[in-house]
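Trainee: This is the structure I want to talk about, given as structure tokens.
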Amino acid sequence: RLETRAGYTYDHLRMDVRIGDSALPSVNGPQQYVSAQVKFDGQTGPTIPERGLYVKADLRQFFEVPDVVTPDSTRAADPDKMTSGRLQFSLFAPAGRRGRVFLGGSGGTSFGDTTVVNAFSLGGPFQLGAFYAGELRGSNAVVANLGYFHELARFAEGTIGRLWFGSLVEEGSAFERWSSARFHTNVTAGLVLESPVGPLFAGASFGLDGRYRVYFSLGPILK
């Protein structure tokens, strides 16, 4: 149920503009950090469990971060000596024989530093799904989910498992300071099918401002 790990990472990051304004910044250089992670999985299943808590927390201490390059200048976007942390959790509880109530969320902070290269991002399924993946970025981010899953059908275990319908309300923001945070509310609904190659998800997310996205995905959806 419990896993801990620590490590050292050396990256070489390269991010260039391929579509859009050529004056947008690019990144090309080395990055180094040490990290520690703690994970607890007390849930009764990998996809839509009957009950249980899942928590993952990680902390990174950076020693080197590449600069951001524009046509006019080269500047340090993130502090080389920076601490960054993130926490994620999900909690399931039974609601009758076929229902599951879900509460989840995640948050990240750079502990007061302003970041560009290692900014936190939101967008995509269950992370304010009405936005493109990574569309919202900031030195801090937080998102919370509250939802319900209902079992529609049960197939042969070991081949195709159960079919679920789920709906969630998502609230979150990516921001530099709490005083400037602008929170967004999205609603996500769709079908989840357990399969031998992982959960299949098909659904859509809608924002209160009228934007929406449709998703089809294969793989873990809430971890």
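Letters A, B, ... go to the chains of the structure tokens in the order shown; residues in each chain start at 1; ligands are counted from 1 in the same order.
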Find the residues around Leu53 of chain A up to 7 Å (only C-alpha atoms counted), leave out those fewer than 4 positions away in its own chain, and share them as a list in words.

Mentor: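 Counting only C-alpha atoms, the residues come to Asp41, Gly42, Gln43, Ser90, Leu91 and Phe92 of chain A.
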
Trainee: Quick one: everything within 8 Å of segment 83-85 of chain A, counting only C-alpha atoms, minus sequence neighbours fewer than 3 positions away in the same chain. Send it as number ranges by chain.

Mentor: A: 57-62, 108-111

Trainee: Find the spatial neighbours of Gly172 of chain A, counting only C-alpha atoms, within a cut-off of 12 Å - ignore same-chain residues fewer than 6 positions away - and output them as JSON, numbers by chain.

Mentor: {"A": [104, 105, 106, 107, 108, 121, 122, 123, 126, 127, 128, 129, 130, 131, 136, 137, 138, 140, 141, 142, 143, 144, 145, 146, 181, 182, 183, 184, 185, 186, 187, 207]}

Trainee: Mind pulling up the distance from atom CA of Gln88 of chain A to atom CA of Leu191 of chain A?

Mentor: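 If I compute the distance from atom CA of Leu191 of chain A to atom CA of Gln88 of chain A, I get 22.9 Å.
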
Trainee: Leaving out Phe155 of chain A and any residue of its chain fewer than 6 positions from it, which residues lie within 12 Å of it when counting only C-alpha atoms, given as a PyMOL selection string?

Mentor: chain A and resi 161-164+193-195

Trainee: Create the file for the chosen residues now, containing N, CA, C and O atoms and written as a PDB file, in the first residue's frame.

Mentor:
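Final file, out_19.pdb:
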```pdb
ATOM      1  N   GLY A 161     -14.539  -5.892 -18.082  1.00  0.00           N
ATOM      2  CA  GLY A 161     -15.112  -5.818 -16.746  1.00  0.00           C
ATOM      3  C   GLY A 161     -16.430  -5.077 -16.715  1.00  0.00           C
ATOM      4  O   GLY A 161     -17.382  -5.431 -17.406  1.00  0.00           O
ATOM      5  N   ARG A 162     -16.481  -3.987 -15.981  1.00  0.00           N
ATOM      6  CA  ARG A 162     -17.722  -3.261 -15.778  1.00  0.00           C
ATOM      7  C   ARG A 162     -17.771  -1.982 -16.612  1.00  0.00           C
ATOM      8  O   ARG A 162     -16.744  -1.415 -16.968  1.00  0.00           O
ATOM      9  N   LEU A 163     -18.989  -1.572 -16.901  1.00  0.00           N
ATOM     10  CA  LEU A 163     -19.238  -0.321 -17.612  1.00  0.00           C
ATOM     11  C   LEU A 163     -19.859   0.670 -16.638  1.00  0.00           C
ATOM     12  O   LEU A 163     -20.865   0.366 -15.993  1.00  0.00           O
ATOM     13  N   TRP A 164     -19.263   1.847 -16.542  1.00  0.00           N
ATOM     14  CA  TRP A 164     -19.700   2.870 -15.600  1.00  0.00           C
ATOM     15  C   TRP A 164     -20.118   4.139 -16.337  1.00  0.00           C
ATOM     16  O   TRP A 164     -19.538   4.487 -17.372  1.00  0.00           O
ATOM     17  N   LEU A 193     -15.135   2.097 -19.318  1.00  0.00           N
ATOM     18  CA  LEU A 193     -15.207   0.654 -19.522  1.00  0.00           C
ATOM     19  C   LEU A 193     -13.904   0.021 -19.079  1.00  0.00           C
ATOM     20  O   LEU A 193     -12.826   0.385 -19.567  1.00  0.00           O
ATOM     21  N   GLU A 194     -13.978  -0.922 -18.141  1.00  0.00           N
ATOM     22  CA  GLU A 194     -12.803  -1.668 -17.716  1.00  0.00           C
ATOM     23  C   GLU A 194     -12.445  -2.697 -18.797  1.00  0.00           C
ATOM     24  O   GLU A 194     -13.309  -3.412 -19.287  1.00  0.00           O
ATOM     25  N   SER A 195     -11.147  -2.742 -19.154  1.00  0.00           N
ATOM     26  CA  SER A 195     -10.710  -3.672 -20.197  1.00  0.00           C
ATOM     27  C   SER A 195      -9.352  -4.248 -19.817  1.00  0.00           C
ATOM     28  O   SER A 195      -8.671  -3.714 -18.938  1.00  0.00           O
TER      29      SER A 195
END
```
